[in-house]
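Read the structure below first, then the notes.
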Amino acid sequence: MKNIAAILKLSIFGLCLLPSINVFALDFPDKPGSRDFFVDEAGLIDEDTAWKIDLLAANLLEEQRVALFVVTIPSMSKYAPPGYSIATYAGKLFDHWGIGFNDRNYGMLLLVAEDDRKARIELGADWGRGHDQDAEQIMETLIIPAFKDGDYSLGILQGAQGLDAMARGLQLPQPAAPWWMFPVIILLYAGLIVLIFDLFRKGRSGLGWALIVLVAVSIIAIVRDIYQSSGTGFDDWDSSGGFGGDGGGSSGGGGASGNW
């Protein structure tokens with residue numbers, strides 16, 4: 001009788017635990033529509049950035065057959081049990097959506113958890129962990145610095161552009177120039193003009209002209225780098241691309257995590 005009573009108590013205790021177990025079950029955002037490649041539940045992506053992400057991802061899917069998605073959530077606590085890492089959750093979300101294709105499992109996911117101040121790049125299994133370093137560079141140089149400045153849209157867009165370049169085998173883009181860069185260039189140009197005028201007026205030669213050439217070459221190099229890194233390379237979007245993959249993709253190809 002004592003054993004039966006003990007079993008009954010344990011059964012009742014287990015039944016009492018069921019509601020709490022269900023509370024901590026994994027949850028996932030819904031897949032985006034057939035023409036969208038992002039889910040912004042944290043409200044971090046502005047309208048212009050949203051359009052650019054969709055365009056970039058649609059072109060990448062059509063031209064390279066690589067599915068790229070961006071997901072923002074308010075916090076991990078809304079979707080996963082306490083202590084669940086963003087890397088593990090990103091992998092589960094990747095698999096739940098089936099990002100990519102059975103025969104070309106090169107899907108990409110950028111996940112941002114705003115309140116946790118964490119982000120994750122998750123890659124499809126066919127990447128074979130051969131691009132972890134590239135993913136880390138994208139995270140640390142393109143995404144996190146912008147997030148630290150509070151510009152989530154910029155960081156997300158730069159991250160998407162970095163992943164696009166990686167998928168195409170191109171050189172990774174550089175971070176956007178800081179706001180003070182163009183005023184500095186203008187001042188340098190003004191100083192260069194003043195210096196040239198002074199040299200002509202006083203008839204100086206030699207090192208003065210060499211300095212002018214050096215400054216001019218430096219300015220040209222700075223402007224060229226800014227122009228190259230700011231371009232998006234967007235083409236017109238052919239809407240035939242559809243949703244990013246046939247649902248057969250899976251995670252396991254590595255990636256990178258970051259926090260700010």
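Ordering of the structure tokens sets the chain letters (A, B, ...); residue numbers start at 1 within each chain; ligands are numbered from 1 in the order shown.
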Restrict the calculation to only C-alpha atoms, then for each residue of region 31-89 of chain A with any atom at most 9 Å from an atom of region 100-109 of chain A give the closest atom pair and their distance in Å to one decimal, rows by chain and rising residue number, as a Markdown table.
| residue | atom | partner | partner_atom | distance |
| --- | --- | --- | --- | --- |
| A:Arg65 | CA | A:Arg104 | CA | 7.6 |
| A:Val66 | CA | A:Gly107 | CA | 5.6 |
| A:Ala67 | CA | A:Gly107 | CA | 4.7 |
| A:Leu68 | CA | A:Met108 | CA | 4.6 |
| A:Phe69 | CA | A:Leu109 | CA | 4.9 |
| A:Val70 | CA | A:Leu109 | CA | 5.9 |
| A:Val71 | CA | A:Leu109 | CA | 7.5 |
Write out, as a PDB file, in the first residue's frame, the residues just selected, with C-alpha atoms.
ATOM      1  CA  ARG A  65      20.317  29.446 -55.413  1.00  0.00           C
ATOM      2  CA  VAL A  66      21.309  30.484 -51.883  1.00  0.00           C
ATOM      3  CA  ALA A  67      18.535  31.302 -49.398  1.00  0.00           C
ATOM      4  CA  LEU A  68      19.213  34.193 -47.002  1.00  0.00           C
ATOM      5  CA  PHE A  69      16.872  35.223 -44.180  1.00  0.00           C
ATOM      6  CA  VAL A  70      16.960  37.863 -41.447  1.00  0.00           C
ATOM      7  CA  VAL A  71      14.995  37.433 -38.204  1.00  0.00           C
TER       8      VAL A  71
END
Within 6 Å of Ala125 (chain A), counting only C-alpha atoms, which residues qualify if same-chain residues fewer than 3 places away don't, as a VMD selection string? chain A and resid 105 128 251 to 253
| said: One number please: CA of Ala90 (chain A) to CA of Ile121 (chain A), in Å, one decimal. | reply: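 Interatomic distance, CA of Ala90 (chain A) to CA of Ile121 (chain A): 7.9 Å.
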Could you pull the residues within 7 Å of region 138-151 of chain A, counting only C-alpha atoms, minus those fewer than 5 positions along the same chain, as a PDB file with C-alpha atoms, in the first residue's frame?
ATOM      1  CA  ILE A 156      21.442  44.261 -40.265  1.00  0.00           C
ATOM      2  CA  GLN A 158      25.581  45.448 -43.676  1.00  0.00           C
ATOM      3  CA  GLY A 159      25.367  41.910 -42.306  1.00  0.00           C
ATOM      4  CA  GLY A 162      28.393  40.668 -46.122  1.00  0.00           C
ATOM      5  CA  PRO A 175      31.924  49.042 -42.764  1.00  0.00           C
ATOM      6  CA  ALA A 256      29.317  33.040 -35.718  1.00  0.00           C
ATOM      7  CA  GLY A 258      28.221  38.161 -31.307  1.00  0.00           C
ATOM      8  CA  ASN A 259      27.048  40.476 -28.535  1.00  0.00           C
ATOM      9  CA  TRP A 260      27.165  44.212 -27.905  1.00  0.00           C
TER      10      TRP A 260
END
I want to know what sits within 10 Å of Pro29 (chain A), based on only C-alpha atoms, with residues of the same chain fewer than 6 positions away left out; could you give that as a ChimeraX atom specification? /A:39-41,71-73,79,93,96-97
A straight line from CA of Gly83 (chain A) to CA of Asp116 (chain A) spans 11.5 Å
Measure the distance from CA of Pro173 (chain A) to CA of Gly124 (chain A) in Å and round it to one decimal.
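Separation of CA of Pro173 (chain A) and CA of Gly124 (chain A): 21.6 Å.
You can rank A:Ser250, A:Gln161, A:Ser77, A:Ser257 by their closest distance to Asp54 (chain A) using only C-alpha atoms, and at the top of that list sits A:Gln161.
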All helix (DSSP H, G or I) residues (DSSP, backbone) inside region 104-165 of chain A, as a PDB file with C-alpha atoms, in the first residue's frame:
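Generated file (result04.pdb):
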ATOM      1  CA  ALA A 125      25.271  22.152 -43.622  1.00  0.00           C
ATOM      2  CA  ASP A 126      26.910  22.286 -47.068  1.00  0.00           C
ATOM      3  CA  TRP A 127      29.092  25.198 -45.937  1.00  0.00           C
ATOM      4  CA  ASP A 132      33.286  30.410 -39.824  1.00  0.00           C
ATOM      5  CA  GLN A 133      36.041  33.017 -40.067  1.00  0.00           C
ATOM      6  CA  ASP A 134      34.160  34.962 -42.746  1.00  0.00           C
ATOM      7  CA  ALA A 135      30.982  34.823 -40.656  1.00  0.00           C
ATOM      8  CA  GLU A 136      32.899  36.076 -37.628  1.00  0.00           C
ATOM      9  CA  GLN A 137      34.381  38.934 -39.660  1.00  0.00           C
ATOM     10  CA  ILE A 138      30.915  39.930 -40.881  1.00  0.00           C
ATOM     11  CA  MET A 139      29.607  39.807 -37.328  1.00  0.00           C
ATOM     12  CA  GLU A 140      32.462  41.736 -35.714  1.00  0.00           C
ATOM     13  CA  THR A 141      33.136  44.377 -38.387  1.00  0.00           C
ATOM     14  CA  LEU A 142      29.796  44.948 -40.127  1.00  0.00           C
ATOM     15  CA  ILE A 143      27.057  44.092 -37.629  1.00  0.00           C
ATOM     16  CA  ILE A 144      28.179  44.629 -34.029  1.00  0.00           C
ATOM     17  CA  PRO A 145      29.791  48.108 -34.420  1.00  0.00           C
ATOM     18  CA  ALA A 146      26.554  49.494 -35.896  1.00  0.00           C
ATOM     19  CA  PHE A 147      24.516  47.821 -33.153  1.00  0.00           C
ATOM     20  CA  LYS A 148      26.748  49.427 -30.515  1.00  0.00           C
ATOM     21  CA  TYR A 152      20.175  48.292 -35.968  1.00  0.00           C
ATOM     22  CA  SER A 153      18.947  48.801 -39.527  1.00  0.00           C
ATOM     23  CA  LEU A 154      22.448  49.644 -40.726  1.00  0.00           C
ATOM     24  CA  GLY A 155      24.035  46.696 -38.917  1.00  0.00           C
ATOM     25  CA  ILE A 156      21.442  44.261 -40.265  1.00  0.00           C
ATOM     26  CA  LEU A 157      21.785  45.570 -43.823  1.00  0.00           C
ATOM     27  CA  GLN A 158      25.581  45.448 -43.676  1.00  0.00           C
ATOM     28  CA  GLY A 159      25.367  41.910 -42.306  1.00  0.00           C
ATOM     29  CA  ALA A 160      23.096  40.856 -45.168  1.00  0.00           C
ATOM     30  CA  GLN A 161      25.442  42.482 -47.682  1.00  0.00           C
ATOM     31  CA  GLY A 162      28.393  40.668 -46.122  1.00  0.00           C
ATOM     32  CA  LEU A 163      26.620  37.318 -46.334  1.00  0.00           C
ATOM     33  CA  ASP A 164      25.656  38.048 -49.932  1.00  0.00           C
ATOM     34  CA  ALA A 165      29.307  38.736 -50.804  1.00  0.00           C
TER      35      ALA A 165
END
- [ ] Give the answer as one residue: which of A:Leu44, A:Met166, A:Leu188, A:Ala57 has the shortest atom-to-atom distance to Leu111 (chain A), using only C-alpha atoms?
- [x]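 Among the listed residues, the smallest separation from Leu111 (chain A) belongs to A:Leu44.
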